[in-house]
>>> print(open('run28.cif').read())   # mmCIF, C-alpha atoms
data_run
loop_
_atom_site.group_PDB
_atom_site.id
_atom_site.type_symbol
_atom_site.label_atom_id
_atom_site.label_comp_id
_atom_site.auth_asym_id
_atom_site.auth_seq_id
_atom_site.Cartn_x
_atom_site.Cartn_y
_atom_site.Cartn_z
ATOM 1 C CA VAL A 1 0.000 0.000 0.000
ATOM 2 C CA GLY A 2 1.304 3.464 -0.800
ATOM 3 C CA ILE A 3 0.596 6.524 1.327
ATOM 4 C CA VAL A 4 1.379 9.719 -0.473
ATOM 5 C CA GLN A 5 1.761 13.308 0.610
ATOM 6 C CA ASP A 6 1.488 16.326 -1.650
ATOM 7 C CA ILE A 7 4.705 18.309 -1.128
ATOM 8 C CA THR A 8 4.339 20.535 -4.154
ATOM 9 C CA ALA A 9 3.839 23.653 -2.034
ATOM 10 C CA ARG A 10 6.826 22.820 0.168
ATOM 11 C CA ILE A 11 9.060 22.189 -2.846
ATOM 12 C CA ALA A 12 7.932 25.455 -4.427
ATOM 13 C CA GLN A 13 8.647 27.297 -1.197
ATOM 14 C CA GLU A 14 12.104 25.736 -0.883
ATOM 15 C CA GLN A 15 12.888 26.716 -4.464
ATOM 16 C CA GLU A 16 11.763 30.272 -3.762
ATOM 17 C CA TYR A 17 13.986 30.394 -0.659
ATOM 18 C CA SER A 18 16.855 29.077 -2.761
ATOM 19 C CA ARG A 19 16.336 31.810 -5.373
ATOM 20 C CA LEU A 20 16.187 34.516 -2.681
ATOM 21 C CA ILE A 21 19.400 33.240 -1.089
ATOM 22 C CA ASP A 22 21.214 33.014 -4.404
ATOM 23 C CA THR A 23 20.268 36.559 -5.451
ATOM 24 C CA ALA A 24 20.765 38.165 -2.023
ATOM 25 C CA ASN A 25 23.114 41.147 -1.866
ATOM 26 C CA ALA A 26 25.140 39.492 0.904
ATOM 27 C CA PRO A 27 27.394 36.437 1.070
ATOM 28 C CA ILE A 28 25.336 33.474 2.325
ATOM 29 C CA PHE A 29 26.698 29.990 2.874
ATOM 30 C CA GLY A 30 25.580 26.864 4.667
ATOM 31 C CA ILE A 31 27.204 23.790 6.141
ATOM 32 C CA ASP A 32 25.818 20.408 7.101
ATOM 33 C CA LEU A 33 26.339 18.550 10.392
ATOM 34 C CA GLU A 34 29.858 17.575 9.255
ATOM 35 C CA GLY A 35 30.842 21.139 8.460
ATOM 36 C CA LEU A 36 30.749 20.547 4.698
ATOM 37 C CA VAL A 37 29.501 23.352 2.452
ATOM 38 C CA ASN A 38 26.024 22.795 1.008
ATOM 39 C CA VAL A 39 24.934 26.403 0.387
ATOM 40 C CA TRP A 40 27.032 29.001 -1.423
ATOM 41 C CA ASN A 41 25.236 31.909 -3.048
ATOM 42 C CA LYS A 42 26.294 34.118 -5.938
ATOM 43 C CA ASN A 43 27.449 36.949 -3.666
ATOM 44 C CA ALA A 44 29.693 34.556 -1.764
ATOM 45 C CA SER A 45 31.202 33.585 -5.127
ATOM 46 C CA ASP A 46 31.648 37.247 -6.084
ATOM 47 C CA VAL A 47 33.318 38.091 -2.764
ATOM 48 C CA THR A 48 35.663 35.091 -2.567
ATOM 49 C CA GLY A 49 36.194 34.147 -6.202
ATOM 50 C CA PHE A 50 35.203 30.527 -5.438
ATOM 51 C CA THR A 51 32.273 29.203 -7.461
ATOM 52 C CA THR A 52 29.655 26.899 -6.021
ATOM 53 C CA GLU A 53 31.363 23.971 -7.751
ATOM 54 C CA ASP A 54 34.675 24.909 -6.098
ATOM 55 C CA VAL A 55 33.336 24.722 -2.556
ATOM 56 C CA MET A 56 30.413 22.296 -2.440
ATOM 57 C CA GLY A 57 31.141 19.285 -0.208
ATOM 58 C CA ARG A 58 34.386 20.770 1.127
ATOM 59 C CA HIS A 59 35.013 21.510 4.799
ATOM 60 C CA LEU A 60 34.471 25.254 5.260
ATOM 61 C CA VAL A 61 36.632 25.799 8.341
ATOM 62 C CA ASN A 62 39.513 23.532 7.341
ATOM 63 C CA GLU A 63 39.833 24.848 3.784
ATOM 64 C CA PHE A 64 38.585 28.448 3.702
ATOM 65 C CA ILE A 65 39.292 30.005 7.124
ATOM 66 C CA THR A 66 42.693 31.424 8.089
ATOM 67 C CA GLU A 67 44.640 29.446 10.703
ATOM 68 C CA ASP A 68 44.325 32.123 13.383
ATOM 69 C CA TYR A 69 40.508 31.954 13.205
ATOM 70 C CA LYS A 70 39.815 28.240 12.604
ATOM 71 C CA GLU A 71 39.143 27.431 16.260
ATOM 72 C CA ARG A 72 36.899 30.447 16.868
ATOM 73 C CA VAL A 73 34.837 29.933 13.708
ATOM 74 C CA GLN A 74 34.481 26.216 14.482
ATOM 75 C CA GLU A 75 33.191 27.128 17.952
ATOM 76 C CA VAL A 76 30.558 29.457 16.431
ATOM 77 C CA PHE A 77 29.360 26.680 14.108
ATOM 78 C CA ARG A 78 29.427 24.104 16.926
ATOM 79 C CA ASN A 79 27.263 26.406 19.052
ATOM 80 C CA ALA A 80 24.800 26.916 16.185
ATOM 81 C CA LEU A 81 24.559 23.129 15.693
ATOM 82 C CA ASN A 82 23.594 22.985 19.371
ATOM 83 C CA GLY A 83 20.946 25.671 18.893
ATOM 84 C CA VAL A 84 23.009 28.605 20.204
ATOM 85 C CA GLU A 85 23.117 31.216 17.458
ATOM 86 C CA THR A 86 25.720 33.982 17.092
ATOM 87 C CA ALA A 87 25.289 37.510 15.730
ATOM 88 C CA ASN A 88 27.900 39.970 14.468
ATOM 89 C CA PHE A 89 30.898 37.653 14.594
ATOM 90 C CA GLU A 90 33.877 38.961 12.603
ATOM 91 C CA PHE A 91 36.180 36.520 10.835
ATOM 92 C CA PRO A 92 38.319 36.323 7.683
ATOM 93 C CA LEU A 93 37.563 34.180 4.627
ATOM 94 C CA VAL A 94 40.333 33.196 2.229
ATOM 95 C CA THR A 95 39.618 34.160 -1.376
ATOM 96 C CA LYS A 96 40.634 32.160 -4.429
ATOM 97 C CA PRO A 97 43.612 34.497 -5.133
ATOM 98 C CA GLY A 98 44.718 33.997 -1.508
ATOM 99 C CA THR A 99 43.692 37.377 -0.076
ATOM 100 C CA ARG A 100 41.619 37.850 3.088
ATOM 101 C CA VAL A 101 38.050 39.090 3.101
ATOM 102 C CA GLU A 102 36.722 40.304 6.453
ATOM 103 C CA VAL A 103 33.171 39.067 7.043
ATOM 104 C CA LEU A 104 30.627 40.056 9.690
ATOM 105 C CA LEU A 105 28.551 36.925 10.268
ATOM 106 C CA ASN A 106 25.224 35.904 11.736
ATOM 107 C CA ALA A 107 25.296 32.119 12.252
ATOM 108 C CA THR A 108 21.820 30.579 12.358
ATOM 109 C CA THR A 109 20.777 27.008 13.115
ATOM 110 C CA ARG A 110 19.190 25.188 10.149
ATOM 111 C CA ARG A 111 16.382 22.730 10.873
ATOM 112 C CA ASP A 112 14.271 20.380 8.766
ATOM 113 C CA GLU A 113 10.473 20.218 8.716
ATOM 114 C CA LYS A 114 10.585 18.033 11.867
ATOM 115 C CA ASN A 115 12.672 20.692 13.655
ATOM 116 C CA ARG A 116 15.779 18.520 13.656
ATOM 117 C CA VAL A 117 19.101 20.369 13.340
ATOM 118 C CA ILE A 118 20.613 19.702 9.933
ATOM 119 C CA GLY A 119 23.323 22.363 9.728
ATOM 120 C CA VAL A 120 24.141 26.048 9.938
ATOM 121 C CA VAL A 121 23.485 28.934 7.580
ATOM 122 C CA GLY A 122 25.722 31.979 7.723
ATOM 123 C CA ILE A 123 24.512 35.354 6.492
ATOM 124 C CA GLY A 124 27.472 37.644 6.118
ATOM 125 C CA GLN A 125 28.508 41.150 5.272
ATOM 126 C CA ASP A 126 31.764 42.020 3.545
ATOM 127 C CA ILE A 127 33.350 44.571 5.908
ATOM 128 C CA THR A 128 36.838 44.491 4.379
ATOM 129 C CA ALA A 129 36.652 48.117 3.213
ATOM 130 C CA ARG A 130 35.385 49.260 6.605
ATOM 131 C CA ILE A 131 38.118 47.343 8.436
ATOM 132 C CA ASN A 132 40.759 48.807 6.113
ATOM 133 C CA GLN A 133 39.403 52.299 6.730
ATOM 134 C CA GLU A 134 39.395 51.749 10.495
ATOM 135 C CA GLN A 135 42.977 50.511 10.337
ATOM 136 C CA GLU A 136 43.960 53.595 8.323
ATOM 137 C CA TYR A 137 42.282 55.844 10.884
ATOM 138 C CA ALA A 138 44.113 53.967 13.650
ATOM 139 C CA ARG A 139 47.445 54.525 11.880
ATOM 140 C CA LEU A 140 46.726 58.243 11.427
ATOM 141 C CA ILE A 141 45.696 58.594 15.064
ATOM 142 C CA ASP A 142 48.762 56.718 16.286
ATOM 143 C CA ALA A 143 51.127 58.862 14.190
ATOM 144 C CA ALA A 144 49.428 62.201 14.958
ATOM 145 C CA ASN A 145 51.555 64.973 16.478
ATOM 146 C CA ALA A 146 49.030 65.495 19.265
ATOM 147 C CA PRO A 147 48.028 63.387 22.248
ATOM 148 C CA ILE A 148 44.917 61.397 21.324
ATOM 149 C CA PHE A 149 43.145 58.985 23.620
ATOM 150 C CA GLY A 150 39.800 57.248 23.672
ATOM 151 C CA ILE A 151 37.564 55.695 26.283
ATOM 152 C CA ASP A 152 34.674 53.262 25.986
ATOM 153 C CA ARG A 153 31.257 53.705 27.581
ATOM 154 C CA ASP A 154 32.658 52.537 30.927
ATOM 155 C CA GLY A 155 35.423 55.130 30.891
ATOM 156 C CA ARG A 156 38.152 52.594 30.159
ATOM 157 C CA VAL A 157 41.020 53.522 27.845
ATOM 158 C CA ASP A 158 40.844 51.892 24.409
ATOM 159 C CA VAL A 159 42.839 54.426 22.349
ATOM 160 C CA TRP A 160 46.244 55.815 23.358
ATOM 161 C CA ASN A 161 48.494 57.096 20.596
ATOM 162 C CA GLN A 162 52.265 57.426 20.448
ATOM 163 C CA CYS A 163 52.216 61.138 21.304
ATOM 164 C CA ALA A 164 50.150 60.437 24.437
ATOM 165 C CA ALA A 165 52.669 57.734 25.348
ATOM 166 C CA ARG A 166 55.631 60.094 24.865
ATOM 167 C CA LEU A 167 54.045 62.907 26.862
ATOM 168 C CA THR A 168 52.896 60.818 29.805
ATOM 169 C CA GLY A 169 55.504 58.046 29.876
ATOM 170 C CA PHE A 170 52.711 55.450 29.927
ATOM 171 C CA GLY A 171 52.681 52.999 27.011
ATOM 172 C CA GLY A 172 49.476 51.897 25.366
ATOM 173 C CA GLU A 173 49.684 48.462 26.993
ATOM 174 C CA GLU A 174 49.941 50.021 30.459
ATOM 175 C CA VAL A 175 46.805 52.118 30.155
ATOM 176 C CA ALA A 176 44.559 49.875 28.021
ATOM 177 C CA GLY A 177 41.438 48.896 29.950
ATOM 178 C CA LYS A 178 42.122 51.233 32.865
ATOM 179 C CA ARG A 179 39.733 53.971 33.962
ATOM 180 C CA LEU A 180 41.164 57.230 32.666
ATOM 181 C CA VAL A 181 39.574 59.607 35.173
ATOM 182 C CA GLU A 182 40.181 57.499 38.268
ATOM 183 C CA GLU A 183 43.806 56.686 37.554
ATOM 184 C CA TYR A 184 45.303 59.553 35.536
ATOM 185 C CA ILE A 185 43.420 62.743 36.468
ATOM 186 C CA THR A 186 44.283 64.798 39.570
ATOM 187 C CA ASP A 187 41.686 64.665 42.336
ATOM 188 C CA ASP A 188 40.704 68.328 41.991
ATOM 189 C CA TYR A 189 39.708 67.764 38.333
ATOM 190 C CA LYS A 190 38.155 64.278 38.452
ATOM 191 C CA ALA A 191 34.548 65.519 38.693
ATOM 192 C CA ARG A 192 34.951 68.119 35.932
ATOM 193 C CA VAL A 193 36.677 65.753 33.512
ATOM 194 C CA GLN A 194 34.087 63.052 34.218
ATOM 195 C CA GLU A 195 31.337 65.570 33.462
ATOM 196 C CA VAL A 196 32.907 66.361 30.080
ATOM 197 C CA PHE A 197 33.074 62.646 29.215
ATOM 198 C CA THR A 198 29.515 62.011 30.453
ATOM 199 C CA LYS A 199 28.236 64.817 28.212
ATOM 200 C CA ALA A 200 30.156 63.454 25.216
ATOM 201 C CA LEU A 201 28.642 59.993 25.822
ATOM 202 C CA ALA A 202 25.257 61.727 25.653
ATOM 203 C CA GLY A 203 26.203 63.402 22.343
ATOM 204 C CA GLU A 204 27.180 66.807 23.783
ATOM 205 C CA GLU A 205 30.759 67.535 22.743
ATOM 206 C CA THR A 206 33.199 69.926 24.460
ATOM 207 C CA ALA A 207 35.943 72.057 22.896
ATOM 208 C CA ASN A 208 38.973 73.697 24.520
ATOM 209 C CA PHE A 209 38.605 72.185 27.970
ATOM 210 C CA GLU A 210 41.747 72.528 30.116
ATOM 211 C CA PHE A 211 42.647 69.790 32.567
ATOM 212 C CA PRO A 212 45.731 68.239 34.203
ATOM 213 C CA LEU A 213 47.055 64.790 33.295
ATOM 214 C CA VAL A 214 49.504 62.972 35.591
ATOM 215 C CA THR A 215 52.598 61.470 33.943
ATOM 216 C CA LYS A 216 54.339 58.251 34.937
ATOM 217 C CA GLY A 217 57.012 60.354 36.639
ATOM 218 C CA GLY A 218 54.380 62.160 38.717
ATOM 219 C CA VAL A 219 54.605 65.400 36.734
ATOM 220 C CA VAL A 220 51.332 67.214 36.055
ATOM 221 C CA LEU A 221 50.789 68.170 32.397
ATOM 222 C CA GLN A 222 48.238 70.782 31.363
ATOM 223 C CA ILE A 223 46.143 69.547 28.424
ATOM 224 C CA LEU A 224 43.736 71.503 26.205
ATOM 225 C CA LEU A 225 41.127 68.992 25.108
ATOM 226 C CA ASN A 226 38.418 68.560 22.472
ATOM 227 C CA ALA A 227 36.131 65.724 23.600
ATOM 228 C CA THR A 228 34.231 64.140 20.694
ATOM 229 C CA THR A 229 31.513 61.487 20.747
ATOM 230 C CA ARG A 230 32.530 58.178 19.133
ATOM 231 C CA ARG A 231 29.892 56.226 17.230
ATOM 232 C CA ASP A 232 29.814 52.879 15.459
ATOM 233 C CA ASP A 233 28.678 52.322 11.870
ATOM 234 C CA ARG A 234 25.054 52.298 13.051
ATOM 235 C CA GLY A 235 25.346 55.654 14.786
ATOM 236 C CA ARG A 236 25.330 54.191 18.297
ATOM 237 C CA VAL A 237 27.544 55.906 20.881
ATOM 238 C CA VAL A 238 30.470 53.640 21.785
ATOM 239 C CA GLY A 239 32.747 56.031 23.643
ATOM 240 C CA VAL A 240 34.662 59.294 23.548
ATOM 241 C CA VAL A 241 37.819 60.333 21.734
ATOM 242 C CA GLY A 242 39.899 63.173 23.113
ATOM 243 C CA ILE A 243 42.234 65.170 20.884
ATOM 244 C CA GLY A 244 44.553 67.166 23.062
ATOM 245 C CA GLN A 245 47.270 69.756 23.030
ATOM 246 C CA ASP A 246 50.045 69.957 25.605
ATOM 247 C CA ILE A 247 49.821 73.549 26.903
ATOM 248 C CA THR A 248 52.064 73.023 29.923
ATOM 249 C CA ALA A 249 54.794 75.327 28.558
ATOM 250 C CA ARG A 250 52.247 77.995 27.636
ATOM 251 C CA MET A 251 50.616 77.817 31.076
ATOM 252 C CA ASN A 252 54.018 78.062 32.765
ATOM 253 C CA GLN A 253 54.861 81.094 30.618
ATOM 254 C CA GLU A 254 51.538 82.762 31.437
ATOM 255 C CA GLN A 255 52.113 82.144 35.135
ATOM 256 C CA GLU A 256 55.614 83.606 34.828
ATOM 257 C CA TYR A 257 54.207 86.709 33.108
ATOM 258 C CA ALA A 258 51.644 87.028 35.895
ATOM 259 C CA ARG A 259 54.388 86.854 38.526
ATOM 260 C CA LEU A 260 56.480 89.490 36.700
ATOM 261 C CA ILE A 261 53.475 91.793 36.369
ATOM 262 C CA ASP A 262 52.539 91.414 40.015
ATOM 263 C CA ALA A 263 56.089 92.109 41.213
ATOM 264 C CA ALA A 264 56.739 95.045 38.850
ATOM 265 C CA ASN A 265 57.776 98.360 40.411
ATOM 266 C CA ALA A 266 55.044 100.194 38.510
ATOM 267 C CA PRO A 267 51.239 100.181 38.727
ATOM 268 C CA ILE A 268 49.893 97.707 36.145
ATOM 269 C CA PHE A 269 46.243 97.004 35.533
ATOM 270 C CA GLY A 270 44.227 95.343 32.814
ATOM 271 C CA ILE A 271 40.654 95.370 31.583
ATOM 272 C CA ASP A 272 38.625 92.959 29.472
ATOM 273 C CA VAL A 273 36.594 93.877 26.385
ATOM 274 C CA GLU A 274 33.778 95.139 28.612
ATOM 275 C CA GLY A 275 36.094 97.489 30.479
ATOM 276 C CA SER A 276 36.027 95.402 33.669
ATOM 277 C CA VAL A 277 39.270 95.056 35.662
ATOM 278 C CA ASN A 278 41.045 91.691 35.326
ATOM 279 C CA VAL A 279 44.650 92.654 36.219
ATOM 280 C CA TRP A 280 45.685 94.679 39.294
ATOM 281 C CA ASN A 281 49.235 94.306 40.539
ATOM 282 C CA GLN A 282 50.846 94.906 43.931
ATOM 283 C CA CYS A 283 52.121 98.358 43.008
ATOM 284 C CA ALA A 284 48.603 99.409 41.935
ATOM 285 C CA ILE A 285 47.359 98.221 45.340
ATOM 286 C CA ARG A 286 49.988 100.234 47.197
ATOM 287 C CA LEU A 287 49.323 103.392 45.187
ATOM 288 C CA THR A 288 45.521 103.332 45.298
ATOM 289 C CA GLY A 289 44.778 101.450 48.495
ATOM 290 C CA PHE A 290 42.390 99.205 46.596
ATOM 291 C CA ASP A 291 43.347 95.545 46.734
ATOM 292 C CA ALA A 292 42.523 93.087 43.939
ATOM 293 C CA GLY A 293 39.323 91.969 45.636
ATOM 294 C CA ASP A 294 38.071 95.564 45.661
ATOM 295 C CA VAL A 295 38.485 96.126 41.924
ATOM 296 C CA MET A 296 38.315 92.798 40.072
ATOM 297 C CA GLY A 297 35.296 92.660 37.765
ATOM 298 C CA LYS A 298 34.396 96.302 38.272
ATOM 299 C CA HIS A 299 34.291 98.865 35.467
ATOM 300 C CA LEU A 300 37.559 100.793 35.684
ATOM 301 C CA VAL A 301 36.446 104.025 34.017
ATOM 302 C CA ASN A 302 33.021 104.265 35.630
ATOM 303 C CA GLU A 303 34.204 103.507 39.160
ATOM 304 C CA PHE A 304 37.812 104.638 39.498
ATOM 305 C CA ILE A 305 38.357 107.563 37.089
ATOM 306 C CA THR A 306 37.324 111.112 37.983
ATOM 307 C CA ASP A 307 34.404 112.509 36.028
ATOM 308 C CA ASP A 308 36.489 115.102 34.190
ATOM 309 C CA TYR A 309 38.705 112.357 32.717
ATOM 310 C CA LYS A 310 36.196 109.578 32.137
ATOM 311 C CA ALA A 311 35.614 110.412 28.445
ATOM 312 C CA SER A 312 39.279 110.850 27.573
ATOM 313 C CA VAL A 313 40.369 107.628 29.353
ATOM 314 C CA GLN A 314 37.500 105.720 27.747
ATOM 315 C CA GLY A 315 38.643 107.065 24.395
ATOM 316 C CA VAL A 316 42.148 105.709 24.995
ATOM 317 C CA PHE A 317 40.777 102.259 25.893
ATOM 318 C CA THR A 318 38.392 102.274 22.952
#
>>> encode(input="run28.cif", output="structure tokens")
Amino acid sequence: VGIVQDITARIAQEQEYSRLIDTANAPIFGIDLEGLVNVWNKNASDVTGFTTEDVMGRHLVNEFITEDYKERVQEVFRNALNGVETANFEFPLVTKPGTRVEVLLNATTRRDEKNRVIGVVGIGQDITARINQEQEYARLIDAANAPIFGIDRDGRVDVWNQCAARLTGFGGEEVAGKRLVEEYITDDYKARVQEVFTKALAGEETANFEFPLVTKGGVVLQILLNATTRRDDRGRVVGVVGIGQDITARMNQEQEYARLIDAANAPIFGIDVEGSVNVWNQCAIRLTGFDAGDVMGKHLVNEFITDDYKASVQGVFT
């Protein structure tokens, strides 16, 4: 006796799935329970140079994955065969000419109509160009003539270029994974620097922020910082990058000028663009009797010049 089942619809559906896979704008491949290739779409052929005939029935990991990634890729496939799927796994595929293609992979368990595991399907994305661009950016950052560092969302260092290493004495390996604020910022600036980073993680960037950075030798460097939000290719915030400028020498020079001005044997004062006092040295104090606290922030002409000279002095300042 023969018992039949109409599987026309199922066959048609499978053929439609096969057409969709083959024409997809992404490399898609599949392996059976033994790890042998049984799906290899046109995009996978375009990306790797291997045709379907080249790869069918061959062991994907053993023959097409670089040595340094064989174990990790095999683990991903083993997990998928046990029902544990993996998303966004990066690994290299070897092309027919012998070059490497970087692939971002989602590994999904394949099951038959009775829900039995029969293999794994991998839907990939060729990210070789993106990886190359990131590596080029990394090289430019590392060679830049300015201290550049980066932190992740937890405040841990994940970028530290050569200039930062030279300035601070700390190598990249020493600082990687450590909390920047807690370990390398002076106590009096921890809260302010953390606030700048917190804002950048929320998308609010800061320019020209001055803060001190402690070197390996215990010296305090003055850094002028631009804190910029870092995002991944999907626009999600992944951290902060700081591009700095060592202004220690400039700050020391400014402090030296301030000391010279304050000790000068002549009255010296200064005003800002609004005419408010912002410099008032010791000699000016002795001559006038007004100390710095009396005059700072006050309008010099309006409050300290006699009425008959107000206009002429204002004219000089203008």
>>> residues_around(input="run28.cif", residues="A:Asn79", least_positions_apart="2", cutoff="12 Å", atoms="all atoms listed in the file", output="NGL selection string")
:A and (33 or 72-77 or 81-87 or 107-109 or 117 or 119-120)
>>> residues_around(input="run28.cif", residues="A:Trp160", least_positions_apart="6", cutoff="8 Å", atoms="all atoms listed in the file", output="PyMOL selection string")
chain A and resi 142+147-150+171-172+175-176
>>> write_last_selection(input="run28.cif", atoms="C-alpha atoms", output="compact mmCIF listing (two decimals), in the coordinates of the input")
# COMPACT_ATOMS: atom_id res chain seq x y z
CA ASP A 142 48.76 56.72 16.29
CA PRO A 147 48.03 63.39 22.25
CA ILE A 148 44.92 61.40 21.32
CA PHE A 149 43.14 58.98 23.62
CA GLY A 150 39.80 57.25 23.67
CA GLY A 171 52.68 53.00 27.01
CA GLY A 172 49.48 51.90 25.37
CA VAL A 175 46.80 52.12 30.16
CA ALA A 176 44.56 49.88 28.02
>>> closest_residue(input="run28.cif", among="A:Val196, A:Ala191, A:Val55, A:Ala144", to="A:Gly30", atoms="only C-alpha atoms")
A:Val55
>>> atom_distance(input="run28.cif", atom1="atom CA of A:Val157", atom2="atom CA of A:Gln194")
13.4 Å
>>> residues_around(input="run28.cif", residues="A:Lys216", least_positions_apart="4", cutoff="9 Å", atoms="all atoms listed in the file", output="PyMOL selection string")
chain A and resi 168-170
>>> resolve_selection(input="run28.cif", expression="the PyMOL selection byres ((chain A and resi 246-260) around 6)", output="PDB file with C-alpha atoms, keeping the file's coordinate frame")
ATOM      1  CA  LEU A 221      50.789  68.170  32.397  1.00  0.00           C
ATOM      2  CA  GLN A 222      48.238  70.782  31.363  1.00  0.00           C
ATOM      3  CA  ILE A 223      46.143  69.547  28.424  1.00  0.00           C
ATOM      4  CA  GLN A 245      47.270  69.756  23.030  1.00  0.00           C
ATOM      5  CA  ILE A 261      53.475  91.793  36.369  1.00  0.00           C
ATOM      6  CA  ASP A 262      52.539  91.414  40.015  1.00  0.00           C
ATOM      7  CA  ALA A 263      56.089  92.109  41.213  1.00  0.00           C
ATOM      8  CA  ALA A 264      56.739  95.045  38.850  1.00  0.00           C
TER       9      ALA A 264
END
>>> atom_distance(input="run28.cif", atom1="atom CA of A:Glu195", atom2="atom CA of A:Arg139")
29.1 Å
>>> residues_near_point(input="run28.cif", point="(52.4, 99.2, 40.4)", cutoff="7 Å", atoms="all atoms listed in the file", output="ChimeraX atom specification")
/A:264-268,281-284
>>> closest_residue(input="run28.cif", among="A:Glu205, A:Ile151, A:Met56, A:Glu303", to="A:Phe290", atoms="all atoms listed in the file")
A:Glu303
>>> atom_distance(input="run28.cif", atom1="atom CA of A:Asp294", atom2="atom CA of A:Val277")
10.1 Å
>>> resolve_selection(input="run28.cif", expression="the PyMOL selection byres ((chain A and resi 298) around 6)", output="PyMOL selection string")
chain A and resi 276-277+295-297+299
>>> closest_residue(input="run28.cif", among="A:Ile285, A:Ile127, A:Val39, A:Leu140", to="A:Asn161", atoms="all atoms listed in the file")
A:Leu140
>>> closest_residue(input="run28.cif", among="A:Ala143, A:Gly275, A:Glu63, A:Lys199", to="A:Gly315", atoms="only C-alpha atoms")
A:Gly275
>>> residues_around(input="run28.cif", residues="stretch 91-103 of chain A", least_positions_apart="6", cutoff="9 Å", atoms="all atoms listed in the file", output="list in words")
Pro27, Val47, Thr48, Gly49, Phe50, Glu63, Phe64, Ile65, Thr66, Tyr69, Arg72, Val73, Gly124, Gln125, Asp126, Ile127, Thr128, Ala129 and Ile131 of chain A
>>> build_atoms(input="run28.cif", residues="stretch 75-87 of chain A", atoms="N, CA, C and O atoms", output="PDB file, keeping the file's coordinate frame")
ATOM      1  N   GLU A  75      33.994  27.025  16.728  1.00  0.00           N
ATOM      2  CA  GLU A  75      33.191  27.128  17.952  1.00  0.00           C
ATOM      3  C   GLU A  75      31.830  27.767  17.667  1.00  0.00           C
ATOM      4  O   GLU A  75      30.796  27.341  18.196  1.00  0.00           O
ATOM      5  N   VAL A  76      31.824  28.811  16.805  1.00  0.00           N
ATOM      6  CA  VAL A  76      30.558  29.457  16.431  1.00  0.00           C
ATOM      7  C   VAL A  76      29.627  28.460  15.747  1.00  0.00           C
ATOM      8  O   VAL A  76      28.429  28.383  16.054  1.00  0.00           O
ATOM      9  N   PHE A  77      30.176  27.669  14.818  1.00  0.00           N
ATOM     10  CA  PHE A  77      29.360  26.680  14.108  1.00  0.00           C
ATOM     11  C   PHE A  77      28.898  25.566  15.059  1.00  0.00           C
ATOM     12  O   PHE A  77      27.755  25.101  14.979  1.00  0.00           O
ATOM     13  N   ARG A  78      29.792  25.146  15.953  1.00  0.00           N
ATOM     14  CA  ARG A  78      29.427  24.104  16.926  1.00  0.00           C
ATOM     15  C   ARG A  78      28.270  24.582  17.804  1.00  0.00           C
ATOM     16  O   ARG A  78      27.334  23.829  18.080  1.00  0.00           O
ATOM     17  N   ASN A  79      28.348  25.849  18.241  1.00  0.00           N
ATOM     18  CA  ASN A  79      27.263  26.406  19.052  1.00  0.00           C
ATOM     19  C   ASN A  79      25.947  26.421  18.274  1.00  0.00           C
ATOM     20  O   ASN A  79      24.886  26.073  18.811  1.00  0.00           O
ATOM     21  N   ALA A  80      26.019  26.850  17.001  1.00  0.00           N
ATOM     22  CA  ALA A  80      24.800  26.916  16.185  1.00  0.00           C
ATOM     23  C   ALA A  80      24.197  25.519  15.986  1.00  0.00           C
ATOM     24  O   ALA A  80      22.973  25.358  15.986  1.00  0.00           O
ATOM     25  N   LEU A  81      25.052  24.508  15.842  1.00  0.00           N
ATOM     26  CA  LEU A  81      24.559  23.129  15.693  1.00  0.00           C
ATOM     27  C   LEU A  81      23.892  22.630  16.976  1.00  0.00           C
ATOM     28  O   LEU A  81      23.111  21.699  16.955  1.00  0.00           O
ATOM     29  N   ASN A  82      24.230  23.307  18.092  1.00  0.00           N
ATOM     30  CA  ASN A  82      23.594  22.985  19.371  1.00  0.00           C
ATOM     31  C   ASN A  82      22.456  23.947  19.702  1.00  0.00           C
ATOM     32  O   ASN A  82      21.968  23.984  20.831  1.00  0.00           O
ATOM     33  N   GLY A  83      22.073  24.773  18.712  1.00  0.00           N
ATOM     34  CA  GLY A  83      20.946  25.671  18.893  1.00  0.00           C
ATOM     35  C   GLY A  83      21.284  27.032  19.453  1.00  0.00           C
ATOM     36  O   GLY A  83      20.400  27.858  19.685  1.00  0.00           O
ATOM     37  N   VAL A  84      22.580  27.302  19.676  1.00  0.00           N
ATOM     38  CA  VAL A  84      23.009  28.605  20.204  1.00  0.00           C
ATOM     39  C   VAL A  84      23.538  29.439  19.046  1.00  0.00           C
ATOM     40  O   VAL A  84      24.636  29.184  18.534  1.00  0.00           O
ATOM     41  N   GLU A  85      22.755  30.430  18.629  1.00  0.00           N
ATOM     42  CA  GLU A  85      23.117  31.216  17.458  1.00  0.00           C
ATOM     43  C   GLU A  85      24.011  32.399  17.833  1.00  0.00           C
ATOM     44  O   GLU A  85      24.022  32.844  18.988  1.00  0.00           O
ATOM     45  N   THR A  86      24.774  32.886  16.862  1.00  0.00           N
ATOM     46  CA  THR A  86      25.720  33.982  17.092  1.00  0.00           C
ATOM     47  C   THR A  86      25.464  35.097  16.104  1.00  0.00           C
ATOM     48  O   THR A  86      25.268  34.840  14.906  1.00  0.00           O
ATOM     49  N   ALA A  87      25.465  36.341  16.600  1.00  0.00           N
ATOM     50  CA  ALA A  87      25.289  37.510  15.730  1.00  0.00           C
ATOM     51  C   ALA A  87      26.546  38.369  15.746  1.00  0.00           C
ATOM     52  O   ALA A  87      27.253  38.444  16.750  1.00  0.00           O
TER      53      ALA A  87
END
